[in-house]
file structure-v5.txt (compact mmCIF, C-alpha atoms and all ligand atoms)
# COMPACT_ATOMS: atom_id res chain seq x y z
CA MET A 29 54.56 128.97 99.35
CA ALA A 30 58.12 130.21 99.65
CA MET A 31 57.34 133.67 98.37
CA ASP A 32 54.84 134.60 101.06
CA LYS A 33 57.02 133.10 103.76
CA ILE A 34 59.81 135.42 102.68
CA PHE A 35 57.59 138.49 102.84
CA GLN A 36 56.32 137.40 106.27
CA PHE A 37 59.90 137.18 107.42
CA ILE A 38 60.67 140.67 106.12
CA ARG A 39 57.57 142.03 107.90
CA SER A 40 58.71 140.46 111.14
CA GLN A 41 61.93 142.51 110.91
CA TYR A 42 60.03 145.78 110.48
CA PRO A 43 56.80 145.29 112.48
CA ASP A 44 56.05 149.03 112.82
CA GLU A 45 56.66 149.98 109.24
CA ASN A 46 54.14 150.12 106.44
CA PRO A 47 55.08 150.38 103.66
CA ILE A 48 58.55 148.95 104.26
CA GLY A 49 61.27 150.93 102.48
CA LEU A 50 64.45 149.58 100.91
CA HIS A 51 66.82 151.73 102.94
CA VAL A 52 65.38 154.63 104.88
CA PRO A 53 67.49 156.95 107.02
CA ARG A 54 67.15 156.86 110.81
CA PHE A 55 67.99 159.83 112.98
CA ASN A 56 68.61 158.73 116.56
CA GLY A 57 71.42 161.03 117.61
CA LYS A 58 72.24 164.72 117.81
CA GLU A 59 71.06 165.56 114.28
CA LYS A 60 68.58 168.26 115.35
CA GLU A 61 70.98 169.80 117.83
CA TYR A 62 73.73 170.10 115.21
CA LEU A 63 71.39 171.45 112.53
CA GLU A 64 70.15 174.09 114.96
CA GLU A 65 73.72 175.00 115.72
CA CYS A 66 74.27 175.67 111.98
CA ILE A 67 71.26 177.95 111.86
CA ASP A 68 72.05 179.74 115.12
CA THR A 69 75.61 180.45 113.99
CA THR A 70 74.49 181.18 110.36
CA MET A 71 77.12 178.68 109.22
CA VAL A 72 74.86 176.84 106.81
CA SER A 73 76.95 176.95 103.66
CA SER A 74 80.27 175.61 102.49
CA VAL A 75 82.47 176.89 105.32
CA GLY A 76 81.94 175.72 108.86
CA PRO A 77 83.15 173.57 111.71
CA PHE A 78 81.07 170.52 110.79
CA VAL A 79 82.71 170.29 107.36
CA ASN A 80 86.13 170.16 109.01
CA ARG A 81 84.92 167.72 111.62
CA MET A 82 83.36 165.46 108.98
CA GLU A 83 86.71 165.34 107.19
CA ARG A 84 88.64 164.63 110.37
CA ASP A 85 86.18 161.92 111.51
CA LEU A 86 86.11 160.19 108.13
CA ALA A 87 89.89 160.20 107.81
CA ARG A 88 90.18 158.75 111.30
CA TYR A 89 87.51 156.11 110.71
CA THR A 90 88.79 154.92 107.32
CA GLY A 91 92.48 155.30 108.06
CA ALA A 92 92.98 157.60 105.06
CA GLN A 93 95.51 160.39 105.58
CA PHE A 94 93.21 162.98 104.03
CA ALA A 95 89.47 163.35 103.50
CA ILE A 96 87.88 166.13 101.44
CA ALA A 97 84.13 166.65 101.85
CA THR A 98 82.12 167.11 98.68
CA VAL A 99 78.55 167.96 97.76
CA ASN A 100 77.86 164.37 96.70
CA GLY A 101 79.56 161.14 95.70
CA THR A 102 79.25 161.72 91.96
CA ALA A 103 81.12 165.04 92.27
CA ALA A 104 83.78 163.30 94.38
CA LEU A 105 84.27 160.71 91.65
CA HIS A 106 84.43 163.36 88.93
CA ILE A 107 87.20 165.20 90.78
CA ALA A 108 89.02 161.97 91.65
CA LEU A 109 89.22 160.98 87.99
CA GLN A 110 90.42 164.41 86.97
CA LEU A 111 93.07 164.34 89.70
CA VAL A 112 94.60 161.06 88.57
CA GLY A 113 94.94 162.53 85.08
CA VAL A 114 91.94 161.18 83.17
CA LYS A 115 91.54 163.26 80.02
CA ARG A 116 89.19 163.65 77.10
CA GLY A 117 89.37 160.63 74.79
CA ASP A 118 90.92 158.28 77.39
CA LEU A 119 89.40 154.98 78.42
CA VAL A 120 88.55 154.21 82.05
CA ILE A 121 88.02 150.59 83.08
CA THR A 122 84.97 150.09 85.25
CA GLN A 123 82.30 147.50 85.89
CA SER A 124 79.08 147.60 83.92
CA PHE A 125 77.32 146.42 87.06
CA SER A 126 77.15 149.71 88.97
CA PHE A 127 74.96 152.69 89.68
CA VAL A 128 74.91 155.05 86.70
CA ALA A 129 76.92 157.71 88.56
CA THR A 130 80.12 155.69 88.10
CA ALA A 131 79.88 155.79 84.31
CA ASN A 132 78.54 159.36 84.32
CA ALA A 133 81.53 160.66 86.28
CA ILE A 134 83.82 159.08 83.68
CA HIS A 135 81.75 160.74 80.96
CA TYR A 136 82.07 164.17 82.64
CA THR A 137 85.85 164.05 82.15
CA GLY A 138 85.40 163.40 78.43
CA ALA A 139 86.71 159.86 78.84
CA ILE A 140 84.91 156.70 77.75
CA PRO A 141 84.12 153.80 80.09
CA TYR A 142 85.51 150.39 79.19
CA PHE A 143 83.15 147.91 80.83
CA VAL A 144 84.39 144.71 82.41
CA ASP A 145 82.50 141.91 84.11
CA ILE A 146 81.88 141.19 87.78
CA GLU A 147 82.43 137.96 89.63
CA GLU A 148 79.47 136.19 91.14
CA GLU A 149 80.89 135.87 94.65
CA SER A 150 81.37 139.55 95.59
CA LEU A 151 79.49 141.17 92.69
CA GLY A 152 82.60 143.33 92.21
CA MET A 153 85.08 143.73 89.37
CA ASN A 154 86.30 140.41 88.02
CA ILE A 155 90.09 140.10 88.01
CA GLN A 156 89.79 137.55 85.17
CA SER A 157 88.28 140.29 83.01
CA LEU A 158 91.37 142.41 83.62
CA LEU A 159 93.67 139.49 82.79
CA ILE A 160 91.83 138.96 79.51
CA LEU A 161 91.89 142.67 78.70
CA GLU A 162 95.59 142.79 79.51
CA THR A 163 96.42 140.91 76.30
CA GLU A 164 95.22 144.00 74.42
CA LEU A 165 97.27 146.50 76.44
CA GLU A 166 100.63 148.00 75.64
CA LYS A 167 102.90 150.24 77.72
CA ARG A 168 103.99 153.36 75.87
CA ALA A 169 105.87 156.50 76.87
CA ASP A 170 102.78 158.40 78.02
CA GLY A 171 100.83 155.56 79.57
CA VAL A 172 99.16 152.23 78.93
CA TYR A 173 97.28 151.95 75.64
CA HIS A 174 94.43 149.73 74.59
CA VAL A 175 95.73 148.61 71.20
CA PRO A 176 92.40 147.86 69.40
CA THR A 177 91.02 151.36 70.10
CA ASN A 178 94.41 153.11 70.30
CA LYS A 179 93.23 154.90 73.44
CA ARG A 180 95.00 155.43 76.73
CA MET A 181 93.77 153.39 79.72
CA ALA A 182 93.78 156.22 82.23
CA ALA A 183 92.26 154.66 85.36
CA VAL A 184 90.55 151.62 86.85
CA VAL A 185 87.36 152.17 88.86
CA PRO A 186 86.10 149.11 90.74
CA MET A 187 83.01 149.44 92.91
CA HIS A 188 82.10 147.63 96.12
CA SER A 189 78.61 146.54 95.13
CA PHE A 190 75.95 147.01 97.81
CA GLY A 191 78.74 147.43 100.36
CA MET A 192 80.29 144.00 99.68
CA PRO A 193 84.08 144.42 99.35
CA CYS A 194 85.36 143.31 95.94
CA GLU A 195 88.71 141.57 95.35
CA ILE A 196 90.40 144.89 95.83
CA GLU A 197 93.86 143.57 96.70
CA LEU A 198 94.13 141.63 93.42
CA ILE A 199 92.83 144.64 91.51
CA ALA A 200 95.23 147.01 93.28
CA ASN A 201 98.15 144.68 92.46
CA TRP A 202 97.07 144.53 88.82
CA CYS A 203 96.90 148.32 88.66
CA ALA A 204 100.35 148.60 90.25
CA THR A 205 101.82 146.15 87.74
CA TRP A 206 100.51 148.18 84.83
CA GLY A 207 100.99 151.58 86.45
CA ILE A 208 97.35 152.52 85.92
CA PRO A 209 95.83 154.66 88.71
CA LEU A 210 93.22 152.96 90.88
CA VAL A 211 90.18 155.03 91.87
CA GLU A 212 87.82 153.17 94.19
CA ASP A 213 84.12 153.86 94.00
CA ALA A 214 83.42 153.13 97.65
CA ALA A 215 80.17 155.12 97.50
CA GLU A 216 78.26 152.25 99.09
CA SER A 217 80.86 150.83 101.42
CA LEU A 218 81.45 153.01 104.48
CA GLY A 219 82.18 150.44 107.18
CA SER A 220 83.35 147.73 104.75
CA PHE A 221 86.88 146.38 105.04
CA TYR A 222 89.15 144.03 103.11
CA LYS A 223 91.86 142.36 105.22
CA GLY A 224 91.21 144.99 107.86
CA ARG A 225 91.84 147.87 105.50
CA HIS A 226 88.93 150.13 104.76
CA THR A 227 87.44 150.11 101.26
CA GLY A 228 88.25 153.33 99.47
CA THR A 229 91.82 153.42 100.85
CA TRP A 230 93.40 150.86 98.50
CA GLY A 231 93.79 153.09 95.49
CA LYS A 232 95.32 156.43 94.76
CA ILE A 233 91.93 157.92 95.58
CA GLY A 234 88.68 156.55 96.93
CA VAL A 235 85.27 158.18 97.07
CA MET A 236 82.16 157.71 99.20
CA SER A 237 78.59 158.91 99.07
CA PHE A 238 76.29 160.08 101.85
CA ASN A 239 73.13 160.27 99.79
CA GLY A 240 69.82 159.70 101.57
CA ASN A 241 69.68 155.98 100.84
CA LYS A 242 73.24 155.13 101.90
CA THR A 243 74.30 153.60 105.23
CA ILE A 244 74.50 157.05 106.81
CA THR A 245 73.48 160.27 105.15
CA ALA A 246 74.32 163.95 104.93
CA GLY A 247 71.12 164.51 102.96
CA GLY A 248 73.53 164.87 100.07
CA GLY A 249 77.26 164.60 100.45
CA GLY A 250 80.39 162.72 99.58
CA VAL A 251 84.06 162.47 100.36
CA ILE A 252 87.36 162.04 98.57
CA LEU A 253 89.90 159.88 100.43
CA THR A 254 93.61 159.83 99.69
CA ASP A 255 97.01 159.42 101.35
CA ASP A 256 98.65 161.81 98.90
CA GLU A 257 99.02 165.29 100.35
CA ASP A 258 99.33 167.04 96.97
CA LEU A 259 96.26 165.29 95.61
CA ALA A 260 94.35 166.20 98.77
CA ARG A 261 95.30 169.86 98.49
CA HIS A 262 94.38 169.89 94.83
CA ALA A 263 91.07 168.13 95.55
CA LYS A 264 90.10 170.80 98.03
CA HIS A 265 91.17 173.53 95.60
CA LEU A 266 89.19 172.11 92.68
CA THR A 267 86.06 171.54 94.75
CA THR A 268 86.09 175.15 96.01
CA GLN A 269 86.14 176.98 92.65
CA ALA A 270 89.96 176.93 92.60
CA LYS A 271 90.05 180.18 94.55
CA ILE A 272 93.43 181.51 95.64
CA ALA A 273 93.60 182.65 99.25
CA HIS A 274 93.51 186.45 99.35
CA PRO A 275 92.13 188.90 101.95
CA TYR A 276 89.54 190.37 99.59
CA GLU A 277 90.18 189.65 95.89
CA PHE A 278 88.53 186.93 93.85
CA ILE A 279 91.30 185.18 91.99
CA HIS A 280 90.98 181.69 90.58
CA ASP A 281 93.85 179.85 88.93
CA GLU A 282 92.03 177.04 87.10
CA ALA A 283 88.52 176.02 86.11
CA GLY A 284 87.20 174.73 89.41
CA TYR A 285 83.88 173.41 90.65
CA ASN A 286 81.34 174.33 93.29
CA TYR A 287 81.57 170.87 94.83
CA ARG A 288 82.19 171.61 98.52
CA CYS A 289 79.89 169.98 101.09
CA PRO A 290 77.75 172.56 102.93
CA ASN A 291 78.09 172.76 106.72
CA LEU A 292 74.38 171.96 107.09
CA ASN A 293 74.85 168.62 105.38
CA ALA A 294 78.08 167.91 107.22
CA ALA A 295 76.25 168.52 110.52
CA LEU A 296 73.78 165.75 109.72
CA LEU A 297 76.61 163.38 108.86
CA CYS A 298 78.65 164.22 111.97
CA ALA A 299 75.67 163.36 114.15
CA GLN A 300 75.32 159.96 112.49
CA LEU A 301 79.03 159.20 112.55
CA GLU A 302 78.74 159.28 116.34
CA TYR A 303 76.68 156.07 116.26
CA LEU A 304 77.88 154.49 113.02
CA ASP A 305 79.13 151.44 114.96
CA GLU A 306 75.65 150.74 116.34
CA ILE A 307 74.18 151.08 112.87
CA LEU A 308 76.72 148.64 111.45
CA ILE A 309 76.08 146.12 114.22
CA ASP A 310 72.34 146.22 113.56
CA LYS A 311 72.94 145.79 109.82
CA ARG A 312 75.18 142.78 110.44
CA ASN A 313 72.57 141.24 112.71
CA LEU A 314 69.88 141.75 110.10
CA ALA A 315 72.09 140.21 107.41
CA SER A 316 72.80 137.15 109.54
CA GLU A 317 69.10 136.71 110.23
CA TYR A 318 68.42 136.87 106.51
CA ALA A 319 71.26 134.43 105.85
CA ARG A 320 69.90 131.97 108.39
CA PHE A 321 66.38 132.31 107.00
CA PHE A 322 67.47 131.65 103.42
CA GLU A 323 69.61 128.62 104.31
CA GLU A 324 66.49 126.51 104.03
CA TYR A 325 66.07 127.56 100.38
CA THR A 326 69.57 126.71 99.20
CA PRO A 327 70.37 126.11 96.34
CA HIS A 328 67.36 127.84 94.79
CA PHE A 329 68.17 131.19 96.34
CA ARG A 330 71.57 132.52 97.30
CA PHE A 331 71.77 135.19 99.97
CA VAL A 332 74.96 137.15 99.24
CA THR A 333 77.44 137.13 102.12
CA GLU A 334 80.94 138.55 102.55
CA GLY A 335 83.66 136.06 101.64
CA ASN A 336 87.05 135.41 103.22
CA PHE A 337 89.06 138.42 104.42
CA LYS A 338 86.05 140.68 103.96
CA LEU A 339 83.88 142.63 106.33
CA SER A 340 80.79 144.03 104.63
CA ASN A 341 78.62 146.87 105.90
CA TYR A 342 75.65 144.98 104.38
CA TRP A 343 74.33 148.24 103.02
CA LEU A 344 71.79 146.51 100.79
CA ASN A 345 71.12 142.84 101.32
CA SER A 346 71.04 140.86 98.09
CA LEU A 347 69.24 137.70 97.15
CA ILE A 348 69.96 135.81 93.94
CA PHE A 349 67.26 133.48 92.61
CA ASP A 350 68.03 130.58 90.30
CA SER A 351 65.01 131.55 88.20
CA ALA A 352 64.64 134.91 86.44
CA GLU A 353 60.86 134.34 86.21
CA PHE A 354 60.63 133.83 89.95
CA LYS A 355 62.54 137.08 90.45
CA GLU A 356 60.00 138.95 88.32
CA SER A 357 57.01 137.56 90.20
CA PHE A 358 58.77 138.23 93.49
CA LEU A 359 59.17 141.89 92.51
CA LYS A 360 55.53 142.17 91.46
CA ARG A 361 54.28 140.60 94.67
CA SER A 362 56.48 142.92 96.75
CA MET A 363 54.79 145.93 95.12
CA GLU A 364 51.35 144.58 96.00
CA LEU A 365 52.41 144.11 99.60
CA GLY A 366 54.08 147.50 100.04
CA ILE A 367 57.47 145.95 100.73
CA MET A 368 60.17 147.66 98.76
CA VAL A 369 62.31 145.16 96.91
CA ARG A 370 64.40 146.35 94.00
CA PRO A 371 66.25 144.76 91.11
CA ALA A 372 69.88 145.68 90.54
CA TRP A 373 70.63 148.65 88.28
CA ARG A 374 70.26 147.96 84.60
CA PRO A 375 73.89 147.37 83.58
CA MET A 376 75.61 150.39 82.05
CA HIS A 377 76.27 148.75 78.69
CA MET A 378 72.51 148.25 78.31
CA LEU A 379 71.75 151.97 78.73
CA ASP A 380 71.37 154.12 75.62
CA MET A 381 74.22 156.51 76.35
CA TYR A 382 76.77 153.78 77.04
CA ARG A 383 75.64 151.15 74.56
CA ASP A 384 78.54 151.88 72.20
CA ALA A 385 81.22 151.91 74.89
CA PRO A 386 83.95 149.28 74.42
CA ARG A 387 83.71 146.28 76.70
CA GLY A 388 84.75 142.76 77.50
CA ASP A 389 82.49 139.76 77.97
CA LEU A 390 79.70 140.66 80.43
CA PHE A 391 78.09 137.30 81.07
CA GLN A 392 78.02 137.50 84.89
CA THR A 393 76.79 141.08 84.81
CA GLU A 394 73.80 140.19 82.69
CA TRP A 395 73.11 137.01 84.62
CA VAL A 396 73.19 138.72 88.01
CA TYR A 397 71.05 141.58 86.71
CA LYS A 398 68.35 139.08 85.70
CA HIS A 399 68.45 137.10 88.95
CA LEU A 400 69.21 139.48 91.83
CA VAL A 401 67.00 141.57 94.08
CA ASN A 402 67.85 143.85 96.98
CA LEU A 403 65.82 143.27 100.12
CA PRO A 404 64.75 145.86 102.72
CA SER A 405 67.92 146.73 104.60
CA SER A 406 67.26 149.75 106.83
CA THR A 407 68.45 149.51 110.38
CA ARG A 408 65.59 148.34 112.55
CA LYS A 409 64.12 150.78 115.02
CA LYS A 410 65.14 150.37 118.61
C1 LIG A 501 75.39 156.47 95.43
C2 LIG A 501 76.43 156.13 94.45
C3 LIG A 501 77.19 157.10 93.78
C4 LIG A 501 76.88 158.54 93.78
O1 LIG A 501 76.74 159.16 94.96
P1 LIG A 501 75.79 160.46 95.09
O2 LIG A 501 76.15 160.95 96.44
O3 LIG A 501 74.39 159.98 94.98
O4 LIG A 501 76.18 161.39 94.01
C5 LIG A 501 78.24 156.69 92.98
N1 LIG A 501 78.51 155.40 92.80
C6 LIG A 501 77.78 154.43 93.38
C7 LIG A 501 78.15 153.02 93.14
C8 LIG A 501 76.71 154.76 94.22
O5 LIG A 501 75.98 153.80 94.78
call {"tool": "encode", "arguments": {"input": "structure-v5.txt", "output": "structure tokens"}}
result
Amino acid sequence: MAMDKIFQFIRSQYPDENPIGLHVPRFNGKEKEYLEECIDTTMVSSVGPFVNRMERDLARYTGAQFAIATVNGTAALHIALQLVGVKRGDLVITQSFSFVATANAIHYTGAIPYFVDIEEESLGMNIQSLLILETELEKRADGVYHVPTNKRMAAVVPMHSFGMPCEIELIANWCATWGIPLVEDAAESLGSFYKGRHTGTWGKIGVMSFNGNKTITAGGGGVILTDDEDLARHAKHLTTQAKIAHPYEFIHDEAGYNYRCPNLNAALLCAQLEYLDEILIDKRNLASEYARFFEEYTPHFRFVTEGNFKLSNYWLNSLIFDSAEFKESFLKRSMELGIMVRPAWRPMHMLDMYRDAPRGDLFQTEWVYKHLVNLPSSTRKK
């Protein structure tokens, strides 16, 4: 039956692996050499040449003017929100269909997420949801207010789900029209572009993650991207305990954070950045093999592909079944076989801590949650 044929196909992509992981890191470059260099030079902590190099390489790769390395993607998002002026009691528009870190970072600032829907095509923020919400917005002297809650709409945070670029140009234009800062959660989308422009560089600030399961990893790490020099300087200041430069005194001029990426982690990332292109090519090849395989099952299954103007990194390949029951049995069977398949995150508005957050209609979010699985997506061994 179809189910076992699918698992056979997945096995054929990873013949030497058992169990087969969802997205496991591969280290095929100078990782060990660079890590040894950190130890030999004792530069293992938050100051060191690899941190600077990571920032330079990421700025160059993404086209952002500035890149500030952080300890992880969640911390990057927390700082980004603070930098665009999100304050206690504000609302921040985001998609309910995301990893919990997106909503948590909003929560850290004291703001409240306002959840909007995704669109089925890209699984990213639905511009229609913003156009519906817009009827409840009002421009006032100190910002845009959501009239029903009488709260300020302080930022918009779309997310490029599983590496698939969302309709970021439409969203960026909407933000510009309203004058609401755009913060892109590009945690999953290193190597993903929209109209040739890298995801994470469309807004005032973008953030990325280099957690162990992402396309490339620092073990733990993240980055803040921006073209704004003042924001960049402030980002670095806030992530390094807001310490004023002084030959020996410890003086801090605001409540900062210990959010700087350690050199040890940056070393791991620098090694992988050297062969990011090869990784991305292998991921594209895997995605097109999946796409070809699933053609036969159309319209019962939809393998999610990048649409027009988009280049996806295919971080996690996604399959959408027409039947929620089939999805459940598919997940159960995958566990028996030792092939790691995962459902999407439970949407944020269905989690206890965000259940009471204001929101628009979330039909697509709930539908996709019930019907989608992520398939094994690691790069294949050479
Ligand atoms: C991974 C991820 C994050 C958080 O990154 P960490 O480095 O794990 O803190 C944030 N948002 C999304 C959408 C993610 O997938």
call {"tool": "closest_atom_pairs", "arguments": {"input": "structure-v5.txt", "of": "chain A", "to": "ligand LIG 501 (chain A)", "cutoff": "8 Å", "atoms": "only C-alpha atoms and all ligand atoms", "output": "JSON lines"}}
result
{"residue": "A:Val99", "atom": "CA", "partner": "A:LIG501", "partner_atom": "O2", "distance": 7.5}
{"residue": "A:Asn100", "atom": "CA", "partner": "A:LIG501", "partner_atom": "O2", "distance": 3.8}
{"residue": "A:Gly101", "atom": "CA", "partner": "A:LIG501", "partner_atom": "O2", "distance": 3.5}
{"residue": "A:Thr102", "atom": "CA", "partner": "A:LIG501", "partner_atom": "O4", "distance": 3.7}
{"residue": "A:Ala103", "atom": "CA", "partner": "A:LIG501", "partner_atom": "O4", "distance": 6.4}
{"residue": "A:Ala104", "atom": "CA", "partner": "A:LIG501", "partner_atom": "O4", "distance": 7.8}
{"residue": "A:Leu105", "atom": "CA", "partner": "A:LIG501", "partner_atom": "C5", "distance": 7.4}
{"residue": "A:Ser126", "atom": "CA", "partner": "A:LIG501", "partner_atom": "C7", "distance": 5.4}
{"residue": "A:Phe127", "atom": "CA", "partner": "A:LIG501", "partner_atom": "C7", "distance": 4.7}
{"residue": "A:Val128", "atom": "CA", "partner": "A:LIG501", "partner_atom": "N1", "distance": 7.1}
{"residue": "A:Ala129", "atom": "CA", "partner": "A:LIG501", "partner_atom": "C5", "distance": 4.7}
{"residue": "A:Thr130", "atom": "CA", "partner": "A:LIG501", "partner_atom": "N1", "distance": 5.0}
{"residue": "A:Met187", "atom": "CA", "partner": "A:LIG501", "partner_atom": "C7", "distance": 6.0}
{"residue": "A:His188", "atom": "CA", "partner": "A:LIG501", "partner_atom": "C7", "distance": 7.3}
{"residue": "A:Ser189", "atom": "CA", "partner": "A:LIG501", "partner_atom": "C7", "distance": 6.8}
{"residue": "A:Phe190", "atom": "CA", "partner": "A:LIG501", "partner_atom": "O5", "distance": 7.4}
{"residue": "A:Asp213", "atom": "CA", "partner": "A:LIG501", "partner_atom": "N1", "distance": 5.9}
{"residue": "A:Ala214", "atom": "CA", "partner": "A:LIG501", "partner_atom": "C7", "distance": 6.9}
{"residue": "A:Ala215", "atom": "CA", "partner": "A:LIG501", "partner_atom": "C8", "distance": 4.8}
{"residue": "A:Glu216", "atom": "CA", "partner": "A:LIG501", "partner_atom": "O5", "distance": 5.1}
{"residue": "A:Met236", "atom": "CA", "partner": "A:LIG501", "partner_atom": "O1", "distance": 7.0}
{"residue": "A:Ser237", "atom": "CA", "partner": "A:LIG501", "partner_atom": "O2", "distance": 4.1}
{"residue": "A:Phe238", "atom": "CA", "partner": "A:LIG501", "partner_atom": "O2", "distance": 5.5}
{"residue": "A:Asn239", "atom": "CA", "partner": "A:LIG501", "partner_atom": "O2", "distance": 4.6}
{"residue": "A:Asn241", "atom": "CA", "partner": "A:LIG501", "partner_atom": "C1", "distance": 7.9}
{"residue": "A:Lys242", "atom": "CA", "partner": "A:LIG501", "partner_atom": "C1", "distance": 6.9}
{"residue": "A:Gly248", "atom": "CA", "partner": "A:LIG501", "partner_atom": "O2", "distance": 6.0}
{"residue": "A:Gly249", "atom": "CA", "partner": "A:LIG501", "partner_atom": "O2", "distance": 5.5}
{"residue": "A:Gly250", "atom": "CA", "partner": "A:LIG501", "partner_atom": "O2", "distance": 5.6}
call {"tool": "residues_near_point", "arguments": {"input": "structure-v5.txt", "point": "(78.0, 173.5, 103.4)", "cutoff": "8 Å", "atoms": "all atoms listed in the file", "output": "ChimeraX atom specification"}}
result
/A:71-76,79,99,288-294
call {"tool": "atom_distance", "arguments": {"input": "structure-v5.txt", "atom1": "CA of Asn286 in chain A", "atom2": "CA of Gln110 in chain A"}}
result
14.9 Å
call {"tool": "closest_residue", "arguments": {"input": "structure-v5.txt", "among": "A:Pro77, A:Gly366, A:Gly152, A:Gly113", "to": "Glu212 in chain A", "atoms": "all atoms listed in the file"}}
result
A:Gly152
call {"tool": "atom_distance", "arguments": {"input": "structure-v5.txt", "atom1": "CA of Asp380 in chain A", "atom2": "CA of Asn132 in chain A"}}
result
12.4 Å
call {"tool": "residues_around", "arguments": {"input": "structure-v5.txt", "residues": "His51 in chain A", "least_positions_apart": "5", "cutoff": "7 Å", "atoms": "only C-alpha atoms", "output": "MDAnalysis selection string"}}
result
chainID A and resid 241 404:406
call {"tool": "closest_residue", "arguments": {"input": "structure-v5.txt", "among": "A:Ser124, A:Pro43, A:Arg168, A:Phe221", "to": "Leu339 in chain A", "atoms": "all atoms listed in the file"}}
result
A:Phe221
call {"tool": "residues_around", "arguments": {"input": "structure-v5.txt", "residues": "Ser351 in chain A", "least_positions_apart": "6", "cutoff": "12 Å", "atoms": "all atoms listed in the file", "output": "PyMOL selection string"}}
result
chain A and resi 327-330+357-358+395-401
call {"tool": "write_last_selection", "arguments": {"input": "structure-v5.txt", "atoms": "C-alpha atoms", "output": "tab-separated table (two decimals), in the frame of the given file"}}
result
chain	number	residue	atom	x	y	z
A	327	PRO	CA	70.37	126.11	96.34
A	328	HIS	CA	67.36	127.84	94.79
A	329	PHE	CA	68.17	131.19	96.34
A	330	ARG	CA	71.57	132.52	97.30
A	357	SER	CA	57.01	137.56	90.20
A	358	PHE	CA	58.77	138.23	93.49
A	395	TRP	CA	73.11	137.01	84.62
A	396	VAL	CA	73.19	138.72	88.01
A	397	TYR	CA	71.05	141.58	86.71
A	398	LYS	CA	68.35	139.08	85.70
A	399	HIS	CA	68.45	137.10	88.95
A	400	LEU	CA	69.21	139.48	91.83
A	401	VAL	CA	67.00	141.57	94.08
call {"tool": "residues_near_point", "arguments": {"input": "structure-v5.txt", "point": "(103.7, 158.1, 76.6)", "cutoff": "12 Å", "atoms": "only C-alpha atoms", "output": "list in words"}}
result
Glu166, Lys167, Arg168, Ala169, Asp170, Gly171, Val172, Tyr173, Lys179, Arg180, Met181 and Ala182 of chain A
call {"tool": "residues_around", "arguments": {"input": "structure-v5.txt", "residues": "Ser40 in chain A", "least_positions_apart": "6", "cutoff": "12 Å", "atoms": "all atoms listed in the file", "output": "JSON, numbers by chain"}}
result
{"A": [33, 34, 46, 48, 314, 317, 318, 321, 367, 404, 408]}
call {"tool": "atom_distance", "arguments": {"input": "structure-v5.txt", "atom1": "CA of Asp118 in chain A", "atom2": "CA of Ala131 in chain A"}}
result
13.3 Å
